[in-house]
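Data file: start.cif. Format and content: mmCIF, C-alpha atoms; chains and numbers go by the auth columns.
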data_model
#
loop_
_atom_site.group_PDB
_atom_site.id
_atom_site.type_symbol
_atom_site.label_atom_id
_atom_site.label_comp_id
_atom_site.label_asym_id
_atom_site.label_seq_id
_atom_site.Cartn_x
_atom_site.Cartn_y
_atom_site.Cartn_z
_atom_site.B_iso_or_equiv
_atom_site.auth_seq_id
_atom_site.auth_asym_id
ATOM 1 C CA MET A 1 94.884 115.605 103.434 0.00 1 A
ATOM 2 C CA GLN A 2 95.285 113.444 100.334 0.00 2 A
ATOM 3 C CA THR A 3 94.178 109.803 100.496 0.00 3 A
ATOM 4 C CA TRP A 4 95.577 107.301 98.011 0.00 4 A
ATOM 5 C CA ILE A 5 94.487 103.661 97.786 0.00 5 A
ATOM 6 C CA PHE A 6 96.783 101.206 96.002 0.00 6 A
ATOM 7 C CA ALA A 7 94.825 97.994 95.491 0.00 7 A
ATOM 8 C CA GLY A 8 96.033 94.805 93.868 0.00 8 A
ATOM 9 C CA LEU A 9 97.093 91.228 94.486 0.00 9 A
ATOM 10 C CA CYS A 10 100.808 91.600 93.721 0.00 10 A
ATOM 11 C CA GLU A 11 103.571 92.556 96.146 0.00 11 A
ATOM 12 C CA LYS A 12 104.072 96.313 95.847 0.00 12 A
ATOM 13 C CA ASN A 13 105.640 97.224 99.187 0.00 13 A
ATOM 14 C CA ASP A 14 108.875 98.526 97.640 0.00 14 A
ATOM 15 C CA LEU A 15 106.926 100.932 95.414 0.00 15 A
ATOM 16 C CA MET A 16 104.865 102.128 98.382 0.00 16 A
ATOM 17 C CA LEU A 17 107.955 102.744 100.507 0.00 17 A
ATOM 18 C CA TYR A 18 109.651 104.693 97.711 0.00 18 A
ATOM 19 C CA LEU A 19 106.585 106.883 97.229 0.00 19 A
ATOM 20 C CA CYS A 20 106.278 107.590 100.953 0.00 20 A
ATOM 21 C CA LYS A 21 109.937 108.534 101.258 0.00 21 A
ATOM 22 C CA ILE A 22 109.711 110.869 98.258 0.00 22 A
ATOM 23 C CA LEU A 23 106.655 112.599 99.712 0.00 23 A
ATOM 24 C CA ALA A 24 108.273 112.833 103.155 0.00 24 A
ATOM 25 C CA SER A 25 111.469 114.272 101.670 0.00 25 A
ATOM 26 C CA SER A 26 109.422 117.151 100.247 0.00 26 A
ATOM 27 C CA GLY A 27 108.418 118.144 103.779 0.00 27 A
ATOM 28 C CA LYS A 28 105.049 116.348 103.864 0.00 28 A
ATOM 29 C CA ARG A 29 103.718 114.336 106.801 0.00 29 A
ATOM 30 C CA VAL A 30 102.970 110.856 105.471 0.00 30 A
ATOM 31 C CA LEU A 31 101.229 107.733 106.816 0.00 31 A
ATOM 32 C CA LEU A 32 101.449 104.340 105.095 0.00 32 A
ATOM 33 C CA VAL A 33 98.715 101.889 106.152 0.00 33 A
ATOM 34 C CA ASP A 34 99.419 98.161 105.791 0.00 34 A
ATOM 35 C CA GLY A 35 96.279 96.528 104.460 0.00 35 A
ATOM 36 C CA THR A 36 98.110 93.497 103.032 0.00 36 A
ATOM 37 C CA LEU A 37 97.144 89.916 103.739 0.00 37 A
ATOM 38 C CA GLN A 38 100.408 88.975 105.459 0.00 38 A
ATOM 39 C CA GLN A 39 101.151 92.311 107.130 0.00 39 A
ATOM 40 C CA LYS A 40 104.682 92.381 105.714 0.00 40 A
ATOM 41 C CA TYR A 41 105.577 95.962 106.514 0.00 41 A
ATOM 42 C CA GLY A 42 106.126 95.213 110.186 0.00 42 A
ATOM 43 C CA TYR A 43 108.981 92.867 109.332 0.00 43 A
ATOM 44 C CA GLY A 44 110.644 95.441 107.110 0.00 44 A
ATOM 45 C CA VAL A 45 110.743 98.107 109.819 0.00 45 A
ATOM 46 C CA GLY A 46 111.602 95.798 112.727 0.00 46 A
ATOM 47 C CA GLU A 47 108.120 95.832 114.252 0.00 47 A
ATOM 48 C CA SER A 48 106.901 92.286 113.603 0.00 48 A
ATOM 49 C CA GLN A 49 105.053 91.905 116.913 0.00 49 A
ATOM 50 C CA GLN A 50 101.404 90.948 116.555 0.00 50 A
ATOM 51 C CA SER A 51 100.101 94.176 118.059 0.00 51 A
ATOM 52 C CA LEU A 52 98.772 97.471 116.743 0.00 52 A
ATOM 53 C CA ARG A 53 101.616 99.749 115.816 0.00 53 A
ATOM 54 C CA ILE A 54 102.182 103.135 114.214 0.00 54 A
ATOM 55 C CA THR A 55 105.917 103.298 113.757 0.00 55 A
ATOM 56 C CA GLU A 56 108.135 106.093 112.429 0.00 56 A
ATOM 57 C CA PHE A 57 110.353 104.816 109.636 0.00 57 A
ATOM 58 C CA GLU A 58 112.611 106.787 107.295 0.00 58 A
ATOM 59 C CA GLY A 59 110.781 110.064 107.885 0.00 59 A
ATOM 60 C CA PHE A 60 107.178 108.817 107.677 0.00 60 A
ATOM 61 C CA ASP A 61 104.802 106.648 109.728 0.00 61 A
ATOM 62 C CA ILE A 62 103.673 103.085 109.039 0.00 62 A
ATOM 63 C CA ALA A 63 100.509 101.569 110.552 0.00 63 A
ATOM 64 C CA CYS A 64 100.832 97.784 110.990 0.00 64 A
ATOM 65 C CA GLN A 65 98.651 94.945 112.327 0.00 65 A
ATOM 66 C CA PHE A 66 95.322 96.746 111.943 0.00 66 A
ATOM 67 C CA VAL A 67 92.274 94.804 110.775 0.00 67 A
ATOM 68 C CA THR A 68 90.435 97.721 109.159 0.00 68 A
ATOM 69 C CA SER A 69 91.046 101.313 108.106 0.00 69 A
ATOM 70 C CA THR A 70 88.646 102.543 110.803 0.00 70 A
ATOM 71 C CA ALA A 71 90.772 100.782 113.434 0.00 71 A
ATOM 72 C CA VAL A 72 93.714 102.960 112.349 0.00 72 A
ATOM 73 C CA GLU A 73 91.663 106.117 112.873 0.00 73 A
ATOM 74 C CA SER A 74 90.462 104.908 116.278 0.00 74 A
ATOM 75 C CA HIS A 75 94.021 104.120 117.339 0.00 75 A
ATOM 76 C CA LEU A 76 95.206 107.585 116.328 0.00 76 A
ATOM 77 C CA GLU A 77 92.367 109.292 118.175 0.00 77 A
ATOM 78 C CA ALA A 78 93.043 107.221 121.295 0.00 78 A
ATOM 79 C CA ASN A 79 96.590 108.608 121.233 0.00 79 A
ATOM 80 C CA GLY A 80 95.487 112.220 120.760 0.00 80 A
ATOM 81 C CA GLU A 81 96.033 112.393 116.984 0.00 81 A
ATOM 82 C CA LYS A 82 93.842 112.645 113.930 0.00 82 A
ATOM 83 C CA LEU A 83 94.193 111.127 110.490 0.00 83 A
ATOM 84 C CA GLU A 84 93.747 114.622 109.063 0.00 84 A
ATOM 85 C CA SER A 85 97.049 115.706 110.622 0.00 85 A
ATOM 86 C CA TYR A 86 98.825 113.887 107.775 0.00 86 A
ATOM 87 C CA ASP A 87 99.321 115.483 104.373 0.00 87 A
ATOM 88 C CA TYR A 88 99.215 112.106 102.628 0.00 88 A
ATOM 89 C CA VAL A 89 97.736 108.771 103.736 0.00 89 A
ATOM 90 C CA LEU A 90 98.608 105.826 101.491 0.00 90 A
ATOM 91 C CA TYR A 91 96.889 102.436 101.771 0.00 91 A
ATOM 92 C CA ASP A 92 98.406 99.209 100.441 0.00 92 A
ATOM 93 C CA MET A 93 95.251 97.129 99.991 0.00 93 A
ATOM 94 C CA GLU A 94 94.993 93.412 99.219 0.00 94 A
ATOM 95 C CA THR A 95 91.533 92.704 100.646 0.00 95 A
ATOM 96 C CA SER A 96 88.226 94.203 99.559 0.00 96 A
ATOM 97 C CA HIS A 97 87.007 94.613 103.142 0.00 97 A
ATOM 98 C CA PHE A 98 89.951 96.412 104.813 0.00 98 A
ATOM 99 C CA ALA A 99 88.783 99.878 103.779 0.00 99 A
ATOM 100 C CA SER A 100 85.348 101.212 104.640 0.00 100 A
ATOM 101 C CA ARG A 101 82.893 102.044 101.872 0.00 101 A
ATOM 102 C CA ASP A 102 83.296 105.725 102.702 0.00 102 A
ATOM 103 C CA LEU A 103 87.060 105.498 102.254 0.00 103 A
ATOM 104 C CA TRP A 104 86.693 103.875 98.832 0.00 104 A
ATOM 105 C CA LEU A 105 84.252 106.604 97.795 0.00 105 A
ATOM 106 C CA THR A 106 86.148 109.608 99.149 0.00 106 A
ATOM 107 C CA ALA A 107 89.753 108.616 98.354 0.00 107 A
ATOM 108 C CA ASP A 108 91.464 111.230 96.205 0.00 108 A
ATOM 109 C CA THR A 109 93.176 108.534 94.152 0.00 109 A
ATOM 110 C CA ARG A 110 92.456 104.837 93.621 0.00 110 A
ATOM 111 C CA VAL A 111 95.149 102.843 91.822 0.00 111 A
ATOM 112 C CA TRP A 112 94.981 99.252 90.611 0.00 112 A
ATOM 113 C CA VAL A 113 98.466 97.728 90.682 0.00 113 A
ATOM 114 C CA SER A 114 99.365 94.528 88.852 0.00 114 A
ATOM 115 C CA ASP A 115 102.440 92.662 87.738 0.00 115 A
ATOM 116 C CA TYR A 116 102.892 90.426 84.689 0.00 116 A
ATOM 117 C CA GLU A 117 101.894 87.158 86.384 0.00 117 A
ATOM 118 C CA ARG A 118 98.888 85.587 84.709 0.00 118 A
ATOM 119 C CA TYR A 119 97.674 84.250 88.050 0.00 119 A
ATOM 120 C CA ASN A 120 97.357 87.766 89.480 0.00 120 A
ATOM 121 C CA LEU A 121 95.889 89.181 86.265 0.00 121 A
ATOM 122 C CA GLU A 122 93.240 86.449 86.124 0.00 122 A
ATOM 123 C CA ARG A 123 92.261 86.977 89.766 0.00 123 A
ATOM 124 C CA GLY A 124 92.187 90.766 89.419 0.00 124 A
ATOM 125 C CA LYS A 125 88.835 91.021 87.663 0.00 125 A
ATOM 126 C CA GLY A 126 87.182 88.774 90.259 0.00 126 A
ATOM 127 C CA TRP A 127 88.681 90.855 93.071 0.00 127 A
ATOM 128 C CA LEU A 128 87.279 94.073 91.603 0.00 128 A
ATOM 129 C CA LYS A 129 83.832 92.523 91.101 0.00 129 A
ATOM 130 C CA ARG A 130 83.773 91.371 94.744 0.00 130 A
ATOM 131 C CA LEU A 131 84.788 94.865 95.827 0.00 131 A
ATOM 132 C CA LEU A 132 81.882 96.361 93.856 0.00 132 A
ATOM 133 C CA GLU A 133 79.387 93.925 95.397 0.00 133 A
ATOM 134 C CA GLU A 134 80.668 93.829 98.980 0.00 134 A
ATOM 135 C CA GLN A 135 81.000 97.597 99.326 0.00 135 A
ATOM 136 C CA SER A 136 78.016 98.501 97.103 0.00 136 A
ATOM 137 C CA LEU A 137 80.194 100.900 95.139 0.00 137 A
ATOM 138 C CA PRO A 138 79.125 102.790 92.005 0.00 138 A
ATOM 139 C CA ALA A 139 80.411 101.313 88.748 0.00 139 A
ATOM 140 C CA GLU A 140 81.640 104.723 87.585 0.00 140 A
ATOM 141 C CA LEU A 141 84.243 104.858 90.376 0.00 141 A
ATOM 142 C CA PRO A 142 87.562 105.775 88.671 0.00 142 A
ATOM 143 C CA PHE A 143 90.826 103.851 89.060 0.00 143 A
ATOM 144 C CA GLN A 144 94.264 104.566 87.647 0.00 144 A
ATOM 145 C CA ARG A 145 96.483 101.640 86.565 0.00 145 A
ATOM 146 C CA ILE A 146 100.118 100.694 87.116 0.00 146 A
ATOM 147 C CA LEU A 147 102.058 97.674 85.889 0.00 147 A
ATOM 148 C CA ILE A 148 105.037 96.909 88.110 0.00 148 A
ATOM 149 C CA ASN A 149 107.993 94.567 87.586 0.00 149 A
ATOM 150 C CA ALA A 150 107.823 95.296 83.856 0.00 150 A
ATOM 151 C CA VAL A 151 110.371 93.268 81.890 0.00 151 A
ATOM 152 C CA ASP A 152 111.558 93.359 78.304 0.00 152 A
ATOM 153 C CA CYS A 153 109.427 90.680 76.677 0.00 153 A
ATOM 154 C CA LYS A 154 106.770 90.246 73.992 0.00 154 A
ATOM 155 C CA LEU A 155 103.879 90.919 76.386 0.00 155 A
ATOM 156 C CA GLU A 156 102.535 94.397 75.668 0.00 156 A
ATOM 157 C CA ALA A 157 100.647 96.493 78.218 0.00 157 A
ATOM 158 C CA ARG A 158 97.432 96.457 76.171 0.00 158 A
ATOM 159 C CA TYR A 159 97.513 92.650 76.109 0.00 159 A
ATOM 160 C CA LEU A 160 98.051 92.446 79.877 0.00 160 A
ATOM 161 C CA TRP A 161 95.313 94.971 80.655 0.00 161 A
ATOM 162 C CA ALA A 162 92.940 93.012 78.396 0.00 162 A
ATOM 163 C CA TYR A 163 92.585 90.591 81.312 0.00 163 A
ATOM 164 C CA LEU A 164 90.612 93.346 83.047 0.00 164 A
ATOM 165 C CA GLU A 165 88.268 94.047 80.148 0.00 165 A
ATOM 166 C CA GLY A 166 84.755 94.166 81.513 0.00 166 A
ATOM 167 C CA SER A 167 85.996 95.413 84.876 0.00 167 A
ATOM 168 C CA PRO A 168 83.167 97.047 86.857 0.00 168 A
ATOM 169 C CA PHE A 169 85.124 100.292 87.307 0.00 169 A
ATOM 170 C CA VAL A 170 86.353 103.100 85.061 0.00 170 A
ATOM 171 C CA TRP A 171 90.032 103.386 84.103 0.00 171 A
ATOM 172 C CA THR A 172 91.438 106.910 84.011 0.00 172 A
ATOM 173 C CA GLY A 173 94.780 108.607 83.437 0.00 173 A
ATOM 174 C CA GLU A 174 97.882 107.217 81.800 0.00 174 A
ATOM 175 C CA SER A 175 98.620 103.522 82.344 0.00 175 A
ATOM 176 C CA LEU A 176 102.164 103.546 83.716 0.00 176 A
ATOM 177 C CA MET A 177 104.802 100.808 83.824 0.00 177 A
ATOM 178 C CA LEU A 178 107.670 100.480 86.289 0.00 178 A
ATOM 179 C CA PRO A 179 110.620 98.496 84.908 0.00 179 A
ATOM 180 C CA TRP A 180 112.207 95.575 86.696 0.00 180 A
ATOM 181 C CA ASP A 181 115.737 94.252 86.371 0.00 181 A
ATOM 182 C CA GLU A 182 118.458 92.638 88.458 0.00 182 A
ATOM 183 C CA LEU A 183 119.614 95.982 89.877 0.00 183 A
ATOM 184 C CA THR A 184 116.088 96.924 91.010 0.00 184 A
ATOM 185 C CA ALA A 185 115.697 93.510 92.657 0.00 185 A
ATOM 186 C CA ALA A 186 119.066 93.868 94.401 0.00 186 A
ATOM 187 C CA VAL A 187 118.159 97.313 95.821 0.00 187 A
ATOM 188 C CA LYS A 188 114.832 95.966 97.106 0.00 188 A
ATOM 189 C CA LEU A 189 116.498 93.021 98.855 0.00 189 A
ATOM 190 C CA GLU A 190 119.293 95.110 100.366 0.00 190 A
ATOM 191 C CA ASN A 191 116.794 97.648 101.679 0.00 191 A
ATOM 192 C CA GLU A 192 114.695 94.889 103.263 0.00 192 A
ATOM 193 C CA HIS A 193 117.628 93.264 105.027 0.00 193 A
ATOM 194 C CA HIS A 194 119.144 96.532 106.227 0.00 194 A
ATOM 195 C CA ARG A 195 115.712 97.963 107.145 0.00 195 A
ATOM 196 C CA ARG A 196 116.162 101.147 105.191 0.00 196 A
ATOM 197 C CA ILE A 197 114.990 102.859 101.994 0.00 197 A
ATOM 198 C CA ARG A 198 117.778 103.831 99.601 0.00 198 A
ATOM 199 C CA LEU A 199 116.810 105.090 96.152 0.00 199 A
ATOM 200 C CA GLY A 200 120.217 106.168 94.878 0.00 200 A
ATOM 201 C CA SER A 201 121.182 102.773 93.469 0.00 201 A
ATOM 202 C CA LEU A 202 117.983 102.308 91.485 0.00 202 A
ATOM 203 C CA SER A 203 118.362 102.333 87.706 0.00 203 A
ATOM 204 C CA ARG A 204 117.837 105.528 85.747 0.00 204 A
ATOM 205 C CA ASN A 205 114.848 103.984 83.946 0.00 205 A
ATOM 206 C CA TYR A 206 113.179 103.027 87.217 0.00 206 A
ATOM 207 C CA LYS A 207 113.669 106.481 88.712 0.00 207 A
ATOM 208 C CA LYS A 208 112.383 108.095 85.525 0.00 208 A
ATOM 209 C CA SER A 209 109.210 105.982 85.689 0.00 209 A
ATOM 210 C CA LEU A 210 108.879 106.688 89.404 0.00 210 A
ATOM 211 C CA CYS A 211 109.150 110.395 88.644 0.00 211 A
ATOM 212 C CA ARG A 212 106.305 110.186 86.124 0.00 212 A
ATOM 213 C CA LEU A 213 104.167 108.300 88.619 0.00 213 A
ATOM 214 C CA VAL A 214 104.745 110.929 91.309 0.00 214 A
ATOM 215 C CA GLU A 215 103.758 113.654 88.846 0.00 215 A
ATOM 216 C CA GLN A 216 100.572 111.834 87.839 0.00 216 A
ATOM 217 C CA LEU A 217 99.557 111.273 91.460 0.00 217 A
ATOM 218 C CA THR A 218 100.474 114.673 92.890 0.00 218 A
ATOM 219 C CA GLY A 219 100.107 117.025 89.936 0.00 219 A
ATOM 220 C CA TRP A 220 103.663 118.271 90.503 0.00 220 A
ATOM 221 C CA GLU A 221 105.760 119.631 87.681 0.00 221 A
ATOM 222 C CA ASN A 222 108.695 117.538 86.459 0.00 222 A
ATOM 223 C CA VAL A 223 111.233 119.806 88.160 0.00 223 A
ATOM 224 C CA GLN A 224 109.514 119.408 91.525 0.00 224 A
ATOM 225 C CA SER A 225 109.266 115.625 91.291 0.00 225 A
ATOM 226 C CA ARG A 226 112.917 115.253 90.266 0.00 226 A
ATOM 227 C CA LEU A 227 114.029 117.473 93.144 0.00 227 A
ATOM 228 C CA ALA A 228 111.929 115.430 95.590 0.00 228 A
ATOM 229 C CA ILE A 229 113.506 112.183 94.381 0.00 229 A
ATOM 230 C CA LYS A 230 117.007 113.651 94.650 0.00 230 A
ATOM 231 C CA GLU A 231 116.229 114.822 98.187 0.00 231 A
ATOM 232 C CA ALA A 232 114.912 111.347 99.022 0.00 232 A
ATOM 233 C CA GLU A 233 118.188 109.887 97.760 0.00 233 A
ATOM 234 C CA ARG A 234 120.132 112.126 100.140 0.00 234 A
ATOM 235 C CA MET A 235 117.725 111.888 103.065 0.00 235 A
ATOM 236 C CA ARG A 236 118.768 109.871 106.100 0.00 236 A
ATOM 237 C CA ALA A 237 116.214 108.958 108.741 0.00 237 A
#
Any chance you could put this one into structure tokens?
Amino acid sequence: MQTWIFAGLCEKNDLMLYLCKILASSGKRVLLVDGTLQQKYGYGVGESQQSLRITEFEGFDIACQFVTSTAVESHLEANGEKLESYDYVLYDMETSHFASRDLWLTADTRVWVSDYERYNLERGKGWLKRLLEEQSLPAELPFQRILINAVDCKLEARYLWAYLEGSPFVWTGESLMLPWDELTAAVKLENEHHRRIRLGSLSRNYKKSLCRLVEQLTGWENVQSRLAIKEAERMRA
């Protein structure tokens, strides 16, 4: 089982859903855990009731309305399942306390996700410092970095990441950027309203960046990641 934590104060649910569908389309069993402040995933899949849910959606499972990561495991065990039965477990994390200390330490991949908004960039360093203190984590804990909703402007990645200089953790791997344009926004909105995940209409640049991200996270070769994305485009739940 691979465990990936995507932490950050920006809305990244579309990215998470795309990643889960790509992994599921390659024949993997995938669980997405909603650790966001507003528990938005339930609305996107038609399960907005205020109760614990693990719902199948577009070929993978989504865990909604749980207070902590350990509550997800307990719920699975109560229903005769184990977290380890999944090939990939992805956490969308917006609070420093949702995941247990053990989960932060043992996760195969930890990713800090940010957008271009100064408000989120300014708050990011404080969030990471609270995480270090509240969970008593080692400062050498590695994180990868992703900038989402990247637009064509005069703000360079190195300038934006400078907001996190002095972060208590170690940055590793290539800092990736996912582009944002009107087409990408339209696909996101249409998917939300129709409660589906369609990748086919995404721009070539977005899919190319998504492909690179999948390769960095999984270690797949380029051919394998491109085939998985094409299969996800064709896949119907």
Please expand the PyMOL selection byres ((chain A and resi 118-130) around 7) into the concrete residues it hits in this file, giving the result as an mmCIF file with C-alpha atoms, in the coordinates of the input.
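Listing of selection23.cif after writing:
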data_model
loop_
_atom_site.group_PDB
_atom_site.id
_atom_site.type_symbol
_atom_site.label_atom_id
_atom_site.label_comp_id
_atom_site.auth_asym_id
_atom_site.auth_seq_id
_atom_site.Cartn_x
_atom_site.Cartn_y
_atom_site.Cartn_z
ATOM 1 C CA LEU A 9 97.093 91.228 94.486
ATOM 2 C CA CYS A 10 100.808 91.600 93.721
ATOM 3 C CA SER A 114 99.365 94.528 88.852
ATOM 4 C CA TYR A 116 102.892 90.426 84.689
ATOM 5 C CA GLU A 117 101.894 87.158 86.384
ATOM 6 C CA LEU A 131 84.788 94.865 95.827
ATOM 7 C CA LEU A 132 81.882 96.361 93.856
ATOM 8 C CA GLU A 133 79.387 93.925 95.397
ATOM 9 C CA GLU A 134 80.668 93.829 98.980
ATOM 10 C CA TYR A 163 92.585 90.591 81.312
ATOM 11 C CA LEU A 164 90.612 93.346 83.047
ATOM 12 C CA SER A 167 85.996 95.413 84.876
ATOM 13 C CA PRO A 168 83.167 97.047 86.857
#
- [ ] One decimal, Å: what's the distance from atom CA of A:Thr55 over to atom CA of A:Glu94, could you say?
- [x] 20.7 Å
Open item on the list: Quick check, in Å to one decimal: how far apart do atom CA of A:Thr3 and atom CA of A:Thr109 lie?
Closed with: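 Taking atom CA of A:Thr3 and atom CA of A:Thr109, their separation equals 6.5 Å.
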Task: atom CA of A:Leu176 to atom CA of A:Trp112, straight-line distance in Å - done: 10.8 Å
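If only C-alpha atoms are the atoms counted, then among A:Ser85, A:Leu32, A:Leu183, A:Glu215 the closest residue to A:Phe66 is A:Leu32.
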Open item on the list: Neighbouring residues of stretch 194-207 of chain A were defined as those with any atom within 6 Å, considering all atoms listed in the file; residues of the same chain fewer than 3 positions away were excluded. Please report them as an MDAnalysis selection string.
Closed with: chainID A and resid 44:45 179 184 191 210:211 233
Open item on the list: Please determine, counting only C-alpha atoms, which residue among A:Ser175, A:Asn79, A:Thr36, A:Ser26 has the shortest atom-to-atom distance to A:Asn13.
Closed with: A:Thr36
Open item on the list: List the spatial neighbours of stretch 217-223 of chain A as a ChimeraX atom specification - criterion: any atom at most 10 Å away, all atoms listed in the file, same-chain residues fewer than 6 positions off excluded.
Closed with: /A:2,4,23,108-111,144,173,211
Please produce an output containing C-alpha atoms for each residue in the selection, written as a PDB file, keeping the file's coordinate frame.
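Okay, part_26.pdb is ready:
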ATOM      1  CA  GLN A   2      95.285 113.444 100.334  1.00  0.00           C
ATOM      2  CA  TRP A   4      95.577 107.301  98.011  1.00  0.00           C
ATOM      3  CA  LEU A  23     106.655 112.599  99.712  1.00  0.00           C
ATOM      4  CA  ASP A 108      91.464 111.230  96.205  1.00  0.00           C
ATOM      5  CA  THR A 109      93.176 108.534  94.152  1.00  0.00           C
ATOM      6  CA  ARG A 110      92.456 104.837  93.621  1.00  0.00           C
ATOM      7  CA  VAL A 111      95.149 102.843  91.822  1.00  0.00           C
ATOM      8  CA  GLN A 144      94.264 104.566  87.647  1.00  0.00           C
ATOM      9  CA  GLY A 173      94.780 108.607  83.437  1.00  0.00           C
ATOM     10  CA  CYS A 211     109.150 110.395  88.644  1.00  0.00           C
TER      11      CYS A 211
END
- [ ] Convert the output of the PyMOL selection byres ((chain A and resi 21) around 9) on the shown file into explicit residues, formatted as a list in words.
- [x] Met16, Leu17, Tyr18, Leu19, Cys20, Ile22, Leu23, Ala24, Ser25, Ser26, Val30, Glu58, Gly59, Phe60, Ile197, Ile229, Ala232 and Met235 of chain A
Here's the selection I'm unsure about, the PyMOL selection byres ((chain A and resi 92) around 7); applied to the file above, which residues does it give, as a compact mmCIF listing (two decimals) with C-alpha atoms, in the coordinates of the input?
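Printed below is selection.txt as written:
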# COMPACT_ATOMS: atom_id res chain seq x y z
CA ILE A 5 94.49 103.66 97.79
CA PHE A 6 96.78 101.21 96.00
CA ALA A 7 94.82 97.99 95.49
CA VAL A 33 98.72 101.89 106.15
CA ASP A 34 99.42 98.16 105.79
CA GLY A 35 96.28 96.53 104.46
CA THR A 36 98.11 93.50 103.03
CA LEU A 90 98.61 105.83 101.49
CA TYR A 91 96.89 102.44 101.77
CA MET A 93 95.25 97.13 99.99
CA GLU A 94 94.99 93.41 99.22
Open item on the list: Using all atoms listed in the file, can you tell me which of A:Leu178, A:Leu137, A:Val187, A:Ala63 comes closest to A:Ser96?
Closed with: A:Leu137
- [ ] Select, counting all atoms listed in the file, all protein, DNA and RNA residues no farther than 8 Å from (95.2, 118.2, 101.6) in file coordinates, and express the selection as a ChimeraX atom specification.
- [x] /A:1-2,87-88
- [ ] Go through A:Glu11, A:Asp152, A:Glu84, A:Glu165 one by one, measure the shortest atom-to-atom distance of each to A:Asp181 using only C-alpha atoms, and give the residue with the smallest value.
- [x]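 Closest to A:Asp181 of all the choices is A:Asp152.
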Give the padded box for stretch 4-8 of chain A as AutoDock Vina command-line options: axis-aligned, covering all atoms listed in the file, 5 Å on each side, centre and edge lengths in Å to one decimal.
--center_x 95.6 --center_y 101.1 --center_z 95.9 --size_x 12.3 --size_y 22.5 --size_z 14.1
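In terms of minimum interatomic distance to A:Trp171, A:Leu141 ranks closest within A:Leu31, A:Leu141, A:Ile148, A:Leu189, counting all atoms listed in the file.
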Would you kindly place N, CA, C and O atoms on stretch 150-161 of chain A and return the model as a compact mmCIF listing (two decimals), keeping the file's coordinate frame?
# COMPACT_ATOMS: atom_id res chain seq x y z
N ALA A 150 107.89 95.40 85.31
CA ALA A 150 107.82 95.30 83.86
C ALA A 150 109.17 94.84 83.30
O ALA A 150 110.21 95.41 83.63
N VAL A 151 109.15 93.81 82.48
CA VAL A 151 110.37 93.27 81.89
C VAL A 151 110.30 93.36 80.37
O VAL A 151 109.22 93.51 79.79
N ASP A 152 111.46 93.27 79.76
CA ASP A 152 111.56 93.36 78.30
C ASP A 152 111.16 92.01 77.71
O ASP A 152 111.96 91.08 77.65
N CYS A 153 109.91 91.92 77.28
CA CYS A 153 109.43 90.68 76.68
C CYS A 153 108.36 91.03 75.64
O CYS A 153 108.10 92.20 75.37
N LYS A 154 107.73 90.02 75.07
CA LYS A 154 106.77 90.25 73.99
C LYS A 154 105.35 90.50 74.50
O LYS A 154 104.42 90.58 73.69
N LEU A 155 105.19 90.64 75.81
CA LEU A 155 103.88 90.92 76.39
C LEU A 155 103.69 92.43 76.49
O LEU A 155 104.35 93.10 77.27
N GLU A 156 102.78 92.96 75.67
CA GLU A 156 102.54 94.40 75.67
C GLU A 156 101.51 94.76 76.74
O GLU A 156 100.69 93.93 77.15
N ALA A 157 101.55 96.03 77.16
CA ALA A 157 100.65 96.49 78.22
C ALA A 157 99.19 96.29 77.83
O ALA A 157 98.37 95.87 78.66
N ARG A 158 98.84 96.58 76.58
CA ARG A 158 97.43 96.46 76.17
C ARG A 158 96.97 95.01 76.24
O ARG A 158 95.78 94.74 76.52
N TYR A 159 97.86 94.06 75.98
CA TYR A 159 97.51 92.65 76.11
C TYR A 159 97.28 92.29 77.57
O TYR A 159 96.31 91.61 77.92
N LEU A 160 98.17 92.76 78.46
CA LEU A 160 98.05 92.45 79.88
C LEU A 160 96.80 93.07 80.48
O LEU A 160 96.08 92.42 81.26
N TRP A 161 96.51 94.31 80.12
CA TRP A 161 95.31 94.97 80.66
C TRP A 161 94.03 94.38 80.08
O TRP A 161 92.94 94.58 80.63
